[in-house]
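Student: Before I ask anything, here is the structure I am working with.
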Amino acid sequence: MELGQRTTRDQPNRRACVACPNCKQGYRVAARLIGRRLVCRHCRHEWRCEEIDPLELRRLIQTKSSDDSPSDSTQAVLPEDLPPVAGSSSTVIDTHWIGRKLGRYKILSVLGQGGMGVVWRGHDETLRRDVALKILNRTRKSSSKPSLNAELFMQEARAVAKLQHPNVVAIFEVAEDQGQAFLALELMEGGTLKEFVDRNGPIAPRELFAMAVGPAKALALAHRRGIIHRDIKPGNLMFDDHGHLKLMDFGLADVAQEAASERMKGKAVGSLGWVAPETVRGQGTTGASDIYAMGLVLLYALTGKPWLHAASRQELIALHQNPPPLDLSQYKQLSARDVALLKKCLAVDPQERFADADQLAQAMKEASLEDPIVLSHQRRRNHASIAAIAASFGLVLGIGGVSWYFVRLADQANEFSMPVAQRTGTAQKAPVAAAPKFATLAEAKVPWPQVPYLIDASELSFVAGKDGVVHVPSCEKAREIWASDLQNFDKIEDALAKGYKPCPLCHPNKGPRPDVVMGPGD
């Protein structure tokens, strides 16, 4: 009998070795899966699996371990005993559910996978809408006591049910059918924050802080309800089809008065790359740890890369235990307020972070409202002041006493030539003229935000000036357009049809912009 044709009747629990033909990722799977169509967790390639020799699998695993560096998808309990490894790359996805029914849902396709189960796209045939179905992985454990996976699965359902918030992914149903437990969740069509950054690059500070206020408020509500998320990362923040950013996946949460959380007490739980120093040190995870993780997410979205990264898991853990000083000097787009916010989130000492997530949400809201034009002018004035001081200092050193002599002569001449009233200080200063008011847009040769009595910003959708570039109104470049040159388009397609190019900073042609419409609850 061939290797890939072994019978499993006498060995129901035997594990077989398989490998993805596309990326060579190796897996150990239940022997009953041999011959089925599987989806590779690593590259999403679908193939009909065949068994391979264990020595070949060992070689593939060693090769992958030496080639791959840790990423944000590497989630684990840091001491690897409890709870289950979330998002583990050792689990292959069996596609046998596609086309079948579970409860009132017809399963359509794979959406993703975590440590406790696979997430599928399903269609609710009663309400005629698509949902996300999270199906609990079956365990081989034969015991009357529920597995930790099953307890965490139900704990997640109860935790999300406690959080009726517009920035938390909603749960519709928890049920069991055909001996299989599953959750029906709100389907998020906009993808994750990580996918957004990977596709579009770093997000401008004002835009990011505006979109992150809602999730921070949702996190504050969770903390008030006795729920510590413990898995804040870019992959667990998702956009709905309206561009609102929402918090999801409470599968590893620490929930007060829950048996599963009690079983995990004292364990360092989290996603490697997105954990606080005290978590990695085994000192426990608190609401302050979630705030630290949110700071890591903000910094990732602002820069397009994780703050801490290393060539191996051990090196990355060591970096998280003792992180280096946070240096943001190379990111010129950050204001002093932005830098202070990030440093407060990422303080190594939990006592130095924001007292709660409500304070973080308020700080982000204030940072999102800073006027980019004012910030730009402040930076220019600061640079000009530094240059003037340097030039003056050099002039004094070069000319020395000669400069002082001529300046003194000039002062004496001015003193005797000015009117007595000015010499004695009795003359009054002329009043400062008020900023001119413009009667029409054609006269307003100033940036359009300076003439709110002529332009209602709430009526602007996509704006452009003489340079042929179209922006969203909140873009820094958009707010520099003169009022006399301002053009407004209701649809981005109208601007593109007239030959305008999309702005490379705000990407107005990339679909719904979560930064333009403030999320509910903001």
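Simple scheme: letters A, B, ... for chains in structure tokens order, numbers from 1 for residues in each chain, numbers from 1 for ligands in the order shown.
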Give me, as a ChimeraX atom specification, the residues of range 467-520 of chain A that a backbone DSSP run labels alpha helix (DSSP H).
Tutor: /A:492-497
Student: Using C-alpha atoms, can you export the residues from the last selection as a PDB file, in the first residue's frame?
Tutor:
ATOM      1  CA  ILE A 492     -13.653  60.938  -6.406  1.00  0.00           C
ATOM      2  CA  GLU A 493     -14.574  59.573  -9.838  1.00  0.00           C
ATOM      3  CA  ASP A 494     -15.557  63.083 -10.977  1.00  0.00           C
ATOM      4  CA  ALA A 495     -12.119  64.426 -10.081  1.00  0.00           C
ATOM      5  CA  LEU A 496     -10.285  61.514 -11.716  1.00  0.00           C
ATOM      6  CA  ALA A 497     -12.381  61.931 -14.867  1.00  0.00           C
TER       7      ALA A 497
END
Student: What's the 12 Å shell around Pro504 in chain A, counting only C-alpha atoms, without same-chain residues fewer than 4 positions away, as a list in words?
Tutor: Asn200, Gly201, Pro202, Ile203, Ala204, Val469, Val470, His471, Val472, Cys475, Glu476, Lys477, Ala478, Pro508, Asn509 and Lys510 of chain A
Student: So how many Å separate CA of Gly251 in chain A and CA of Leu148 in chain A, to one decimal?
Tutor: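 The value is 11.2 Å.
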Student: Please provide as a VMD selection string all residues within 9 Å of Trp307 in chain A, with the sequence filter that same-chain residues fewer than 4 positions apart are discarded (counting only C-alpha atoms).
Tutor: chain A and resid 273 296 299 to 300 303 326
Student: Can you write just those residues out, C-alpha atoms, as an mmCIF file, in the first residue's frame?
Tutor:
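Once everything was written out, this is out_23.cif:
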data_model
loop_
_atom_site.group_PDB
_atom_site.id
_atom_site.type_symbol
_atom_site.label_atom_id
_atom_site.label_comp_id
_atom_site.auth_asym_id
_atom_site.auth_seq_id
_atom_site.Cartn_x
_atom_site.Cartn_y
_atom_site.Cartn_z
ATOM 1 C CA GLY A 273 5.533 41.388 19.273
ATOM 2 C CA LEU A 296 2.631 49.665 19.923
ATOM 3 C CA LEU A 299 3.426 53.438 16.455
ATOM 4 C CA TYR A 300 3.153 50.633 13.883
ATOM 5 C CA THR A 303 5.668 54.217 10.825
ATOM 6 C CA LEU A 326 11.771 55.384 22.472
#
Student: Could you tell me which of A:Ala216, A:Ala159, A:Leu152, A:Ala336 comes closest to Met294 in chain A if we count only C-alpha atoms?
Tutor: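 Ranking A:Ala216, A:Ala159, A:Leu152, A:Ala336 by distance to Met294 in chain A, first place goes to A:Ala216.
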